[in-house]
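Source file model_12.cif; content: mmCIF, C-alpha atoms and all ligand atoms.
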data_entry
#
loop_
_atom_site.group_PDB
_atom_site.id
_atom_site.type_symbol
_atom_site.label_atom_id
_atom_site.label_comp_id
_atom_site.auth_asym_id
_atom_site.auth_seq_id
_atom_site.Cartn_x
_atom_site.Cartn_y
_atom_site.Cartn_z
ATOM 1 C CA MET Z 1 -21.383 19.795 7.922
ATOM 2 C CA SER Z 2 -21.778 16.042 7.503
ATOM 3 C CA GLN Z 3 -18.995 13.770 8.759
ATOM 4 C CA ILE Z 4 -18.060 12.692 5.250
ATOM 5 C CA ASP Z 5 -17.827 16.250 3.927
ATOM 6 C CA ASP Z 6 -15.749 17.250 6.912
ATOM 7 C CA ALA Z 7 -13.338 14.356 6.285
ATOM 8 C CA LEU Z 8 -13.115 15.020 2.538
ATOM 9 C CA LYS Z 9 -12.398 18.706 3.120
ATOM 10 C CA GLN Z 10 -9.606 17.733 5.498
ATOM 11 C CA ARG Z 11 -8.335 15.317 2.850
ATOM 12 C CA PHE Z 12 -8.559 17.460 -0.268
ATOM 13 C CA GLY Z 13 -8.881 21.015 1.021
ATOM 14 C CA PRO Z 14 -11.703 23.413 1.961
ATOM 15 C CA ASP Z 15 -12.886 23.907 -1.648
ATOM 16 C CA THR Z 16 -13.927 20.258 -1.961
ATOM 17 C CA PRO Z 17 -17.566 20.176 -3.077
ATOM 18 C CA SER Z 18 -20.110 18.597 -0.755
ATOM 19 C CA THR Z 19 -21.042 14.994 -1.463
ATOM 20 C CA PRO Z 20 -24.508 13.768 -2.404
ATOM 21 C CA ASP Z 21 -26.561 12.861 0.693
ATOM 22 C CA ILE Z 22 -26.540 9.152 -0.084
ATOM 23 C CA LEU Z 23 -22.829 8.855 0.782
ATOM 24 C CA GLY Z 24 -23.377 10.256 4.273
ATOM 25 C CA GLN Z 25 -26.168 7.787 4.938
ATOM 26 C CA TYR Z 26 -23.843 4.786 5.036
ATOM 27 C CA GLU Z 27 -21.027 4.148 7.453
ATOM 28 C CA PHE Z 28 -18.494 2.720 5.006
ATOM 29 C CA PRO Z 29 -17.959 5.813 2.790
ATOM 30 C CA VAL Z 30 -17.530 7.944 5.921
ATOM 31 C CA GLN Z 31 -14.906 5.527 7.253
ATOM 32 C CA LEU Z 32 -13.124 5.465 3.914
ATOM 33 C CA ALA Z 33 -13.028 9.269 3.745
ATOM 34 C CA SER Z 34 -11.341 9.510 7.140
ATOM 35 C CA ARG Z 35 -9.072 6.452 6.959
ATOM 36 C CA ARG Z 36 -5.393 6.613 7.818
ATOM 37 C CA SER Z 37 -2.417 4.262 8.156
ATOM 38 C CA HIS Z 38 -1.383 3.157 11.645
ATOM 39 C CA ARG Z 39 2.149 2.331 12.757
ATOM 40 C CA GLN Z 40 1.682 2.001 16.527
ATOM 41 C CA PHE Z 41 -0.457 -0.771 17.962
ATOM 42 C CA LYS Z 42 -1.838 -1.843 21.318
ATOM 43 C CA PRO Z 43 -0.192 -4.993 22.648
ATOM 44 C CA ASP Z 44 -3.560 -6.846 22.628
ATOM 45 C CA PRO Z 45 -3.190 -10.012 20.569
ATOM 46 C CA LEU Z 46 -5.321 -10.532 17.490
ATOM 47 C CA ASP Z 47 -7.600 -13.527 17.224
ATOM 48 C CA PRO Z 48 -6.080 -15.657 14.403
ATOM 49 C CA GLU Z 49 -9.624 -16.487 13.278
ATOM 50 C CA LEU Z 50 -10.288 -12.783 12.779
ATOM 51 C CA VAL Z 51 -7.155 -12.472 10.659
ATOM 52 C CA HIS Z 52 -8.211 -15.516 8.603
ATOM 53 C CA SER Z 53 -11.696 -14.090 8.118
ATOM 54 C CA LEU Z 54 -10.219 -10.786 6.936
ATOM 55 C CA CYS Z 55 -8.147 -12.788 4.434
ATOM 56 C CA ALA Z 56 -11.396 -14.368 3.251
ATOM 57 C CA LEU Z 57 -12.855 -10.883 2.735
ATOM 58 C CA ALA Z 58 -9.714 -9.794 0.868
ATOM 59 C CA MET Z 59 -10.108 -12.779 -1.436
ATOM 60 C CA CYS Z 60 -13.665 -11.623 -2.226
ATOM 61 C CA ALA Z 61 -12.061 -8.837 -4.279
ATOM 62 C CA PRO Z 62 -12.308 -9.049 -8.049
ATOM 63 C CA ALA Z 63 -9.374 -10.559 -9.931
ATOM 64 C CA LYS Z 64 -8.341 -10.247 -13.573
ATOM 65 C CA SER Z 65 -10.249 -12.848 -15.687
ATOM 66 C CA ASP Z 66 -11.068 -14.693 -12.437
ATOM 67 C CA LEU Z 67 -7.492 -15.998 -12.574
ATOM 68 C CA GLN Z 68 -7.098 -15.261 -8.822
ATOM 69 C CA GLN Z 69 -3.379 -14.606 -9.075
ATOM 70 C CA ARG Z 70 -2.734 -13.439 -5.490
ATOM 71 C CA ASP Z 71 -1.995 -15.152 -2.236
ATOM 72 C CA ILE Z 72 -1.476 -14.018 1.346
ATOM 73 C CA VAL Z 73 1.177 -15.325 3.731
ATOM 74 C CA ILE Z 74 0.276 -14.744 7.397
ATOM 75 C CA VAL Z 75 3.567 -14.552 9.279
ATOM 76 C CA GLU Z 76 2.487 -15.969 12.655
ATOM 77 C CA ASP Z 77 5.669 -17.654 13.870
ATOM 78 C CA PRO Z 78 7.627 -15.236 16.134
ATOM 79 C CA ASP Z 79 10.935 -16.527 14.721
ATOM 80 C CA GLN Z 80 9.805 -15.807 11.164
ATOM 81 C CA ARG Z 81 8.641 -12.340 12.252
ATOM 82 C CA ALA Z 82 11.987 -11.636 13.919
ATOM 83 C CA LYS Z 83 13.885 -12.774 10.826
ATOM 84 C CA LEU Z 84 11.710 -10.589 8.616
ATOM 85 C CA LEU Z 85 12.469 -7.562 10.802
ATOM 86 C CA GLU Z 86 16.180 -8.348 10.638
ATOM 87 C CA ILE Z 87 15.979 -8.408 6.846
ATOM 88 C CA ILE Z 88 14.472 -4.900 6.710
ATOM 89 C CA PRO Z 89 16.167 -2.879 9.454
ATOM 90 C CA GLY Z 90 14.882 0.619 10.209
ATOM 91 C CA ASN Z 91 11.272 -0.493 10.622
ATOM 92 C CA ALA Z 92 11.229 -1.041 14.378
ATOM 93 C CA TRP Z 93 7.621 0.195 14.580
ATOM 94 C CA MET Z 94 6.589 -3.080 12.927
ATOM 95 C CA GLU Z 95 7.548 -4.895 16.136
ATOM 96 C CA THR Z 96 4.467 -3.514 17.874
ATOM 97 C CA ALA Z 97 2.096 -5.031 15.290
ATOM 98 C CA PRO Z 98 0.387 -8.154 16.634
ATOM 99 C CA ALA Z 99 -0.057 -9.484 13.102
ATOM 100 C CA PHE Z 100 1.946 -9.260 9.904
ATOM 101 C CA LEU Z 101 0.917 -10.470 6.467
ATOM 102 C CA VAL Z 102 2.565 -10.541 3.076
ATOM 103 C CA PHE Z 103 0.504 -10.056 -0.081
ATOM 104 C CA CYS Z 104 2.012 -11.983 -2.972
ATOM 105 C CA ALA Z 105 1.497 -12.040 -6.710
ATOM 106 C CA ASN Z 106 1.084 -15.645 -7.871
ATOM 107 C CA ASN Z 107 1.343 -16.358 -11.578
ATOM 108 C CA ARG Z 108 2.620 -19.874 -10.828
ATOM 109 C CA ARG Z 109 -0.814 -21.410 -10.306
ATOM 110 C CA GLN Z 110 -1.904 -20.373 -13.804
ATOM 111 C CA ARG Z 111 1.177 -22.017 -15.308
ATOM 112 C CA GLN Z 112 0.433 -25.128 -13.252
ATOM 113 C CA LEU Z 113 -3.147 -25.206 -14.595
ATOM 114 C CA ASN Z 114 -1.802 -25.154 -18.150
ATOM 115 C CA GLU Z 115 0.655 -27.909 -17.313
ATOM 116 C CA TRP Z 116 -1.920 -30.084 -15.553
ATOM 117 C CA ARG Z 117 -4.762 -29.572 -18.042
ATOM 118 C CA GLY Z 118 -2.686 -29.693 -21.228
ATOM 119 C CA PRO Z 119 -3.272 -26.480 -23.224
ATOM 120 C CA PRO Z 120 0.075 -24.676 -23.563
ATOM 121 C CA PHE Z 121 0.802 -21.516 -21.560
ATOM 122 C CA VAL Z 122 1.591 -18.954 -24.267
ATOM 123 C CA ASN Z 123 1.350 -15.726 -22.275
ATOM 124 C CA ASP Z 124 4.871 -15.544 -20.985
ATOM 125 C CA HIS Z 125 5.278 -11.759 -21.254
ATOM 126 C CA LEU Z 126 5.001 -8.604 -19.163
ATOM 127 C CA ASP Z 127 1.232 -8.922 -18.732
ATOM 128 C CA ALA Z 128 1.701 -12.049 -16.602
ATOM 129 C CA PHE Z 129 3.769 -10.065 -14.083
ATOM 130 C CA PHE Z 130 1.494 -7.053 -14.251
ATOM 131 C CA ASN Z 131 -1.835 -8.852 -13.798
ATOM 132 C CA ALA Z 132 -0.672 -10.807 -10.777
ATOM 133 C CA SER Z 133 0.803 -7.641 -9.194
ATOM 134 C CA VAL Z 134 -2.440 -5.735 -9.684
ATOM 135 C CA ASP Z 135 -4.489 -8.597 -8.228
ATOM 136 C CA ALA Z 136 -2.245 -8.584 -5.141
ATOM 137 C CA GLY Z 137 -2.676 -4.808 -4.771
ATOM 138 C CA ILE Z 138 -6.453 -5.096 -4.999
ATOM 139 C CA ALA Z 139 -6.422 -7.835 -2.338
ATOM 140 C CA LEU Z 140 -4.288 -5.606 -0.096
ATOM 141 C CA ALA Z 141 -6.679 -2.664 -0.448
ATOM 142 C CA THR Z 142 -9.708 -4.872 0.153
ATOM 143 C CA PHE Z 143 -8.120 -6.392 3.264
ATOM 144 C CA MET Z 144 -7.388 -2.912 4.616
ATOM 145 C CA MET Z 145 -10.916 -1.693 4.010
ATOM 146 C CA ALA Z 146 -12.345 -4.743 5.774
ATOM 147 C CA ALA Z 147 -9.924 -4.418 8.710
ATOM 148 C CA GLU Z 148 -10.407 -0.674 9.088
ATOM 149 C CA SER Z 149 -14.199 -1.080 8.975
ATOM 150 C CA VAL Z 150 -14.030 -2.941 12.315
ATOM 151 C CA GLY Z 151 -11.609 -0.479 13.911
ATOM 152 C CA LEU Z 152 -8.338 -2.264 13.208
ATOM 153 C CA GLY Z 153 -5.325 -0.280 12.052
ATOM 154 C CA CYS Z 154 -3.057 -1.259 9.150
ATOM 155 C CA CYS Z 155 0.048 -0.074 7.402
ATOM 156 C CA PRO Z 156 1.234 -1.526 4.098
ATOM 157 C CA VAL Z 157 4.979 -2.205 3.984
ATOM 158 C CA SER Z 158 6.662 -2.066 0.588
ATOM 159 C CA ALA Z 159 9.984 -1.909 2.462
ATOM 160 C CA ILE Z 160 9.961 -5.723 2.299
ATOM 161 C CA ARG Z 161 10.863 -5.323 -1.382
ATOM 162 C CA ASN Z 162 14.135 -3.668 -0.366
ATOM 163 C CA GLU Z 163 15.263 -7.245 0.121
ATOM 164 C CA SER Z 164 13.018 -9.192 -2.230
ATOM 165 C CA GLN Z 165 15.285 -12.209 -2.544
ATOM 166 C CA LYS Z 166 15.784 -12.613 1.208
ATOM 167 C CA VAL Z 167 12.049 -12.222 1.875
ATOM 168 C CA SER Z 168 11.322 -14.734 -0.866
ATOM 169 C CA ASP Z 169 13.763 -17.238 0.648
ATOM 170 C CA LEU Z 170 12.376 -16.710 4.163
ATOM 171 C CA LEU Z 171 8.783 -17.274 3.047
ATOM 172 C CA GLY Z 172 9.677 -20.097 0.654
ATOM 173 C CA LEU Z 173 8.169 -18.394 -2.395
ATOM 174 C CA PRO Z 174 8.688 -20.460 -5.568
ATOM 175 C CA ASP Z 175 9.190 -19.260 -9.156
ATOM 176 C CA HIS Z 176 6.510 -16.891 -10.482
ATOM 177 C CA VAL Z 177 5.420 -16.019 -6.917
ATOM 178 C CA PHE Z 178 6.779 -12.854 -5.270
ATOM 179 C CA ALA Z 179 6.017 -10.557 -2.354
ATOM 180 C CA VAL Z 180 4.314 -7.354 -3.512
ATOM 181 C CA VAL Z 181 3.733 -5.724 -0.139
ATOM 182 C CA GLY Z 182 3.644 -6.571 3.571
ATOM 183 C CA MET Z 183 1.029 -5.346 5.999
ATOM 184 C CA ALA Z 184 1.204 -4.613 9.722
ATOM 185 C CA LEU Z 185 -2.110 -5.080 11.520
ATOM 186 C CA GLY Z 186 -3.445 -4.486 15.004
ATOM 187 C CA TRP Z 187 -5.617 -2.356 17.264
ATOM 188 C CA PRO Z 188 -4.340 1.219 16.861
ATOM 189 C CA GLU Z 189 -2.533 2.809 19.792
ATOM 190 C CA GLN Z 190 -3.063 6.353 18.515
ATOM 191 C CA GLU Z 191 -5.802 8.077 16.618
ATOM 192 C CA GLY Z 192 -3.542 9.100 13.737
ATOM 193 C CA TRP Z 193 -4.441 11.830 11.272
ATOM 194 C CA ILE Z 194 -5.992 12.313 7.871
ATOM 195 C CA SER Z 195 -3.160 12.666 5.368
ATOM 196 C CA MET Z 196 -3.966 15.263 2.717
ATOM 197 C CA ARG Z 197 -4.155 14.144 -0.891
ATOM 198 C CA LEU Z 198 -3.481 16.035 -4.095
ATOM 199 C CA PRO Z 199 -6.505 18.039 -5.222
ATOM 200 C CA LEU Z 200 -8.971 16.066 -7.308
ATOM 201 C CA ALA Z 201 -8.495 18.631 -10.104
ATOM 202 C CA ALA Z 202 -4.988 17.190 -10.491
ATOM 203 C CA THR Z 203 -5.831 13.505 -10.195
ATOM 204 C CA VAL Z 204 -9.353 12.938 -11.541
ATOM 205 C CA HIS Z 205 -9.730 13.669 -15.249
ATOM 206 C CA THR Z 206 -12.890 13.965 -17.323
ATOM 207 C CA ASN Z 207 -12.932 12.626 -20.864
ATOM 208 C CA ARG Z 208 -9.276 13.391 -21.511
ATOM 209 C CA PHE Z 209 -6.148 13.429 -19.378
ATOM 210 C CA SER Z 210 -5.153 16.968 -18.482
ATOM 211 C CA GLU Z 211 -2.190 18.572 -16.714
ATOM 212 C CA GLU Z 212 -3.587 22.077 -16.928
ATOM 213 C CA GLY Z 213 -2.427 24.173 -13.977
ATOM 214 C CA LEU Z 214 -0.675 21.165 -12.446
ATOM 215 C CA SER Z 215 2.414 22.945 -11.203
ATOM 216 C CA ASP Z 216 0.355 25.669 -9.490
ATOM 217 C CA ARG Z 217 -1.965 23.085 -7.990
ATOM 218 C CA ILE Z 218 0.998 21.222 -6.530
ATOM 219 C CA ASP Z 219 2.428 24.454 -5.075
ATOM 220 C CA ALA Z 220 -0.922 25.164 -3.431
ATOM 221 C CA TYR Z 221 -1.141 21.577 -2.165
ATOM 222 C CA ASP Z 222 2.365 21.822 -0.675
ATOM 223 C CA GLN Z 223 1.386 24.985 1.198
ATOM 224 C CA ALA Z 224 -1.979 23.682 2.413
ATOM 225 C CA ARG Z 225 -0.501 20.385 3.533
ATOM 226 C CA ALA Z 226 2.397 22.037 5.370
ATOM 227 C CA LYS Z 227 -0.076 24.137 7.373
ATOM 228 C CA VAL Z 228 -1.845 21.001 8.613
ATOM 229 C CA HIS Z 229 1.059 18.591 8.908
ATOM 230 C CA SER Z 230 4.592 19.683 8.169
ATOM 231 C CA TYR Z 231 7.549 17.317 7.809
ATOM 232 C CA SER Z 232 9.506 16.873 11.038
ATOM 233 C CA SER Z 233 12.787 16.560 9.128
ATOM 234 C CA GLN Z 234 14.163 17.088 5.627
ATOM 235 C CA ARG Z 235 15.702 14.351 3.487
ATOM 236 C CA ASN Z 236 19.315 14.389 2.341
ATOM 237 C CA VAL Z 237 20.169 17.833 3.705
ATOM 238 C CA GLU Z 238 23.886 17.236 3.099
ATOM 239 C CA GLU Z 239 23.171 16.847 -0.609
ATOM 240 C CA PHE Z 240 20.304 19.262 -1.249
ATOM 241 C CA GLY Z 241 20.638 21.740 1.620
ATOM 242 C CA GLN Z 242 18.111 22.917 4.191
ATOM 243 C CA ALA Z 243 15.068 24.139 2.274
ATOM 244 C CA GLU Z 244 13.378 27.264 3.597
ATOM 245 C CA PHE Z 245 10.037 25.753 2.705
ATOM 246 C CA TYR Z 246 9.937 21.963 2.657
ATOM 247 C CA GLY Z 247 6.726 20.646 1.160
ATOM 248 C CA TRP Z 248 5.443 17.321 -0.147
ATOM 249 C CA SER Z 249 6.798 17.798 -3.674
ATOM 250 C CA GLU Z 250 10.298 18.657 -2.403
ATOM 251 C CA ASP Z 251 10.230 15.585 -0.167
ATOM 252 C CA LYS Z 252 9.149 13.301 -3.022
ATOM 253 C CA ALA Z 253 11.704 14.819 -5.422
ATOM 254 C CA ARG Z 254 14.476 14.223 -2.864
ATOM 255 C CA GLN Z 255 13.220 10.696 -2.190
ATOM 256 C CA TYR Z 256 13.456 9.801 -5.863
ATOM 257 C CA ALA Z 257 16.859 11.424 -6.316
ATOM 258 C CA HIS Z 258 18.233 8.190 -4.880
ATOM 259 C CA PRO Z 259 17.955 4.784 -6.523
ATOM 260 C CA ASP Z 260 15.651 2.428 -4.704
ATOM 261 C CA ARG Z 261 15.261 -1.289 -5.485
ATOM 262 C CA ALA Z 262 17.076 -0.870 -8.781
ATOM 263 C CA ASP Z 263 17.666 -4.641 -8.701
ATOM 264 C CA PHE Z 264 13.944 -5.475 -8.573
ATOM 265 C CA GLY Z 265 13.731 -6.152 -12.314
ATOM 266 C CA ASP Z 266 16.604 -8.619 -12.085
ATOM 267 C CA PHE Z 267 14.917 -10.308 -9.125
ATOM 268 C CA ILE Z 268 11.623 -10.629 -11.015
ATOM 269 C CA ARG Z 269 13.401 -12.024 -14.104
ATOM 270 C CA ALA Z 270 15.205 -14.525 -11.875
ATOM 271 C CA LYS Z 271 11.753 -15.557 -10.572
ATOM 272 C CA GLY Z 272 11.057 -16.732 -14.107
ATOM 273 C CA PHE Z 273 9.100 -13.793 -15.524
ATOM 274 C CA ASN Z 274 9.687 -12.616 -19.066
ATOM 275 C CA LEU Z 275 9.212 -8.840 -18.863
ATOM 276 C CA SER Z 276 9.285 -8.106 -22.596
HETATM 277 C C1 LIG Z 301 1.837 -0.200 -1.596
HETATM 278 C C2 LIG Z 301 2.131 0.604 -0.357
HETATM 279 C C3 LIG Z 301 3.350 0.463 0.271
HETATM 280 C C4 LIG Z 301 3.641 1.168 1.446
HETATM 281 N N1 LIG Z 301 4.829 0.933 2.086
HETATM 282 C C5 LIG Z 301 5.091 1.553 3.260
HETATM 283 C C6 LIG Z 301 6.299 1.263 3.968
HETATM 284 O O1 LIG Z 301 7.144 0.466 3.534
HETATM 285 N N2 LIG Z 301 6.509 1.885 5.160
HETATM 286 C C7 LIG Z 301 5.584 2.770 5.679
HETATM 287 O O2 LIG Z 301 5.815 3.287 6.771
HETATM 288 N N3 LIG Z 301 4.433 3.069 5.031
HETATM 289 C C8 LIG Z 301 4.158 2.483 3.834
HETATM 290 N N4 LIG Z 301 2.984 2.737 3.170
HETATM 291 C C9 LIG Z 301 2.002 3.671 3.748
HETATM 292 C C10 LIG Z 301 2.036 5.016 3.040
HETATM 293 O O3 LIG Z 301 3.184 5.717 3.439
HETATM 294 C C11 LIG Z 301 0.751 5.788 3.408
HETATM 295 O O4 LIG Z 301 -0.350 5.120 2.863
HETATM 296 C C12 LIG Z 301 0.812 7.216 2.873
HETATM 297 O O5 LIG Z 301 1.814 7.935 3.555
HETATM 298 C C13 LIG Z 301 -0.504 7.941 3.050
HETATM 299 O O6 LIG Z 301 -0.898 7.926 4.407
HETATM 300 P P1 LIG Z 301 -2.313 7.337 4.843
HETATM 301 O O7 LIG Z 301 -2.379 5.896 4.447
HETATM 302 O O8 LIG Z 301 -2.356 7.525 6.356
HETATM 303 O O9 LIG Z 301 -3.364 8.149 4.163
HETATM 304 C C14 LIG Z 301 2.676 2.069 1.985
HETATM 305 C C15 LIG Z 301 1.441 2.225 1.336
HETATM 306 C C16 LIG Z 301 1.172 1.505 0.195
HETATM 307 C C17 LIG Z 301 -0.186 1.649 -0.473
#
Represent the structure contained in this file as structure tokens.
Ligand SMILES: Cc1cc2nc3c(=O)[nH]c(=O)nc-3n(C[C@H](O)[C@H](O)[C@H](O)COP(=O)(O)O)c2cc1C
Amino acid sequence: MSQIDDALKQRFGPDTPSTPDILGQYEFPVQLASRRSHRQFKPDPLDPELVHSLCALAMCAPAKSDLQQRDIVIVEDPDQRAKLLEIIPGNAWMETAPAFLVFCANNRRQRQLNEWRGPPFVNDHLDAFFNASVDAGIALATFMMAAESVGLGCCPVSAIRNESQKVSDLLGLPDHVFAVVGMALGWPEQEGWISMRLPLAATVHTNRFSEEGLSDRIDAYDQARAKVHSYSSQRNVEEFGQAEFYGWSEDKARQYAHPDRADFGDFIRAKGFNLS
């Protein structure tokens, strides 16, 4: 079996159809198929020029209407890093990362262009928030693909949005600029593992969206995933009890039985966005 087919079967299950030969002939699709997040890093420092060059590659990503509404903050200063960790306790693994970056949505620059050039900015509605957020997400994904293609390990960190205001203050983010996601970066300490995804029959639709057989597919996914990589502990046992079988869907249901970042909308509005 080709490397890519092997990786995709590990990812989506043994019934995954084989890929056309062309995908196995290039290194990048094979790497993408077997990628994984890393949360433990070797202590080796990272060349700041390498990090800057990876930022350049991230900024090669497409952006909505060429508006380029995303920025990256490289948190190099050890004091800043320490303060960031203090703001989001419970993420001690981040300490081992030789580099940490924050991907930001920036709708401010567009407003500045309108101010400086004269035509009025008349798109003060939800789309302004949404477009900049999507651009930041695309830059994050592109950065990760570039970094992983040279053997670096990454882990995105949305936990920074648990304390959006504090992170914003620490990084000096002005109105209409906000942190979307952080990213830990370094040379991986461990190999890691391929995390199974939902079957493509549940997530890739042809012509029309369909939820046919979804519940059964998720049950099967839970079982298959638990055989390869089961959860080491269960969430909120005091509230929901000890489940006899604890799969992905139970974990995600328990995770979202608790409010998380319920103040994010208020924070974004306070940043000057009109979300209507
Ligand atoms: C936007 C985004 C935010 C994430 N935030 C966190 C985080 O705060 N902490 C963490 O440990 N992992 C975080 N992750 C990593 C996911 O948990 C990980 O991608 C997922 O479990 C699948 O594993 P894999 O990347 O190894 O395939 C994040 C991933 C994304 C895309």
Original post:
Could you name the residues that touch Thr19 of chain Z at 8 Å or less, counting only C-alpha atoms, but leaving out those on the same chain fewer than 4 positions away, as JSON, numbers by chain?
Top reply: {"Z": [4, 5, 23, 24]}
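The spacing separating atom CA of Met1 of chain Z from atom CA of Gln31 of chain Z amounts to 15.7 Å.
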Subject >> Pick from Z:Ala257, Z:Ala220, Z:Ile160, Z:Leu101, whichever lies nearest to ligand LIG 301 (chain Z) using all atoms listed in the file >> reply: Z:Ile160
With 7 Å as the cut-off and all atoms listed in the file counted, what is the closest atom pair between each nearby residue of chain Z and ligand LIG 301 (chain Z)? Distances in Å to one decimal, ordered by chain and number, as a Markdown table.
| residue | atom | partner | partner_atom | distance |
| --- | --- | --- | --- | --- |
| Z:Arg35 | CA | Z:LIG301 | O9 | 6.6 |
| Z:Arg36 | CA | Z:LIG301 | O8 | 3.5 |
| Z:Ser37 | CA | Z:LIG301 | O8 | 3.7 |
| Z:His38 | CA | Z:LIG301 | O8 | 6.9 |
| Z:Cys155 | CA | Z:LIG301 | C9 | 5.6 |
| Z:Pro156 | CA | Z:LIG301 | C14 | 4.4 |
| Z:Val157 | CA | Z:LIG301 | O1 | 3.5 |
| Z:Ser158 | CA | Z:LIG301 | N1 | 3.8 |
| Z:Ala159 | CA | Z:LIG301 | O1 | 3.9 |
| Z:Ile160 | CA | Z:LIG301 | O1 | 6.9 |
| Z:Val181 | CA | Z:LIG301 | C1 | 6.0 |
| Z:Trp193 | CA | Z:LIG301 | O8 | 6.9 |
| Z:Ile194 | CA | Z:LIG301 | O9 | 6.2 |
| Z:Ser195 | CA | Z:LIG301 | O9 | 4.7 |
For those residues, write C-alpha atoms to a file as a short mmCIF file (atom, residue, chain, number, x, y, z; two decimals), in the frame of the given file.
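The resulting out.cif:
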data_model
loop_
_atom_site.label_atom_id
_atom_site.label_comp_id
_atom_site.auth_asym_id
_atom_site.auth_seq_id
_atom_site.Cartn_x
_atom_site.Cartn_y
_atom_site.Cartn_z
CA ARG Z 35 -9.07 6.45 6.96
CA ARG Z 36 -5.39 6.61 7.82
CA SER Z 37 -2.42 4.26 8.16
CA HIS Z 38 -1.38 3.16 11.64
CA CYS Z 155 0.05 -0.07 7.40
CA PRO Z 156 1.23 -1.53 4.10
CA VAL Z 157 4.98 -2.20 3.98
CA SER Z 158 6.66 -2.07 0.59
CA ALA Z 159 9.98 -1.91 2.46
CA ILE Z 160 9.96 -5.72 2.30
CA VAL Z 181 3.73 -5.72 -0.14
CA TRP Z 193 -4.44 11.83 11.27
CA ILE Z 194 -5.99 12.31 7.87
CA SER Z 195 -3.16 12.67 5.37
#
**OP:** Would you please work out which residue, of Z:Trp93, Z:Val180, Z:Phe121, Z:Val204, is nearest to Ser164 of chain Z when using all atoms listed in the file?
**Re:** Z:Val180
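Distances here use all atoms listed in the file; by that measure, the residue among Z:Ile268, Z:Gln234, Z:His176, Z:Val122 closest to Lys252 of chain Z is Z:Gln234.
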Spatial neighbours of Pro17 of chain Z, max dist 10 Å, all atoms listed in the file, sep filter under 5 positions, as a short mmCIF file (atom, residue, chain, number, x, y, z; two decimals) with C-alpha atoms, in the coordinates of the input:
data_model
loop_
_atom_site.label_atom_id
_atom_site.label_comp_id
_atom_site.auth_asym_id
_atom_site.auth_seq_id
_atom_site.Cartn_x
_atom_site.Cartn_y
_atom_site.Cartn_z
CA ASP Z 5 -17.83 16.25 3.93
CA LEU Z 8 -13.12 15.02 2.54
CA LYS Z 9 -12.40 18.71 3.12
CA PHE Z 12 -8.56 17.46 -0.27
#
Run the PyMOL selection byres (((chain Z and resi 222) around 12) and not hetatm) mentally over the shown coordinates, then write out the matched residues as a PDB file with C-alpha atoms, in the coordinates of the input, using the chain letters and numbers from the document.
ATOM      1  CA  PHE Z  12      -8.559  17.460  -0.268  1.00  0.00           C
ATOM      2  CA  GLY Z  13      -8.881  21.015   1.021  1.00  0.00           C
ATOM      3  CA  MET Z 196      -3.966  15.263   2.717  1.00  0.00           C
ATOM      4  CA  ARG Z 197      -4.155  14.144  -0.891  1.00  0.00           C
ATOM      5  CA  LEU Z 198      -3.481  16.035  -4.095  1.00  0.00           C
ATOM      6  CA  PRO Z 199      -6.505  18.039  -5.222  1.00  0.00           C
ATOM      7  CA  SER Z 215       2.414  22.945 -11.203  1.00  0.00           C
ATOM      8  CA  ASP Z 216       0.355  25.669  -9.490  1.00  0.00           C
ATOM      9  CA  ARG Z 217      -1.965  23.085  -7.990  1.00  0.00           C
ATOM     10  CA  ILE Z 218       0.998  21.222  -6.530  1.00  0.00           C
ATOM     11  CA  ASP Z 219       2.428  24.454  -5.075  1.00  0.00           C
ATOM     12  CA  ALA Z 220      -0.922  25.164  -3.431  1.00  0.00           C
ATOM     13  CA  TYR Z 221      -1.141  21.577  -2.165  1.00  0.00           C
ATOM     14  CA  GLN Z 223       1.386  24.985   1.198  1.00  0.00           C
ATOM     15  CA  ALA Z 224      -1.979  23.682   2.413  1.00  0.00           C
ATOM     16  CA  ARG Z 225      -0.501  20.385   3.533  1.00  0.00           C
ATOM     17  CA  ALA Z 226       2.397  22.037   5.370  1.00  0.00           C
ATOM     18  CA  LYS Z 227      -0.076  24.137   7.373  1.00  0.00           C
ATOM     19  CA  VAL Z 228      -1.845  21.001   8.613  1.00  0.00           C
ATOM     20  CA  HIS Z 229       1.059  18.591   8.908  1.00  0.00           C
ATOM     21  CA  SER Z 230       4.592  19.683   8.169  1.00  0.00           C
ATOM     22  CA  TYR Z 231       7.549  17.317   7.809  1.00  0.00           C
ATOM     23  CA  PHE Z 245      10.037  25.753   2.705  1.00  0.00           C
ATOM     24  CA  TYR Z 246       9.937  21.963   2.657  1.00  0.00           C
ATOM     25  CA  GLY Z 247       6.726  20.646   1.160  1.00  0.00           C
ATOM     26  CA  TRP Z 248       5.443  17.321  -0.147  1.00  0.00           C
ATOM     27  CA  SER Z 249       6.798  17.798  -3.674  1.00  0.00           C
ATOM     28  CA  GLU Z 250      10.298  18.657  -2.403  1.00  0.00           C
ATOM     29  CA  ASP Z 251      10.230  15.585  -0.167  1.00  0.00           C
ATOM     30  CA  LYS Z 252       9.149  13.301  -3.022  1.00  0.00           C
TER      31      LYS Z 252
END
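Across the model, the gap from atom CA of Ser18 of chain Z to atom CA of Leu200 of chain Z is 13.2 Å.
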Original post:
Within 8 Å of segment 69-86 of chain Z, counting only C-alpha atoms, which residues qualify if same-chain residues fewer than 6 places away don't, as number ranges by chain?
Top reply: Z: 55, 63, 92, 94-95, 99-107, 109-110, 131-133, 135-136, 139, 167, 170-171
Subject >> Interatomic distance (Å, one decimal) between atom CA of Thr96 of chain Z and atom CA of Leu50 of chain Z >> reply: 18.2 Å
**OP:** Convert the output of the PyMOL selection byres (((chain Z and resi 54) around 12) and not hetatm) on the shown file into explicit residues, formatted as number ranges by chain.
**Re:** Z: 46-53, 55-61, 72, 74, 99, 101, 139-150, 152, 185
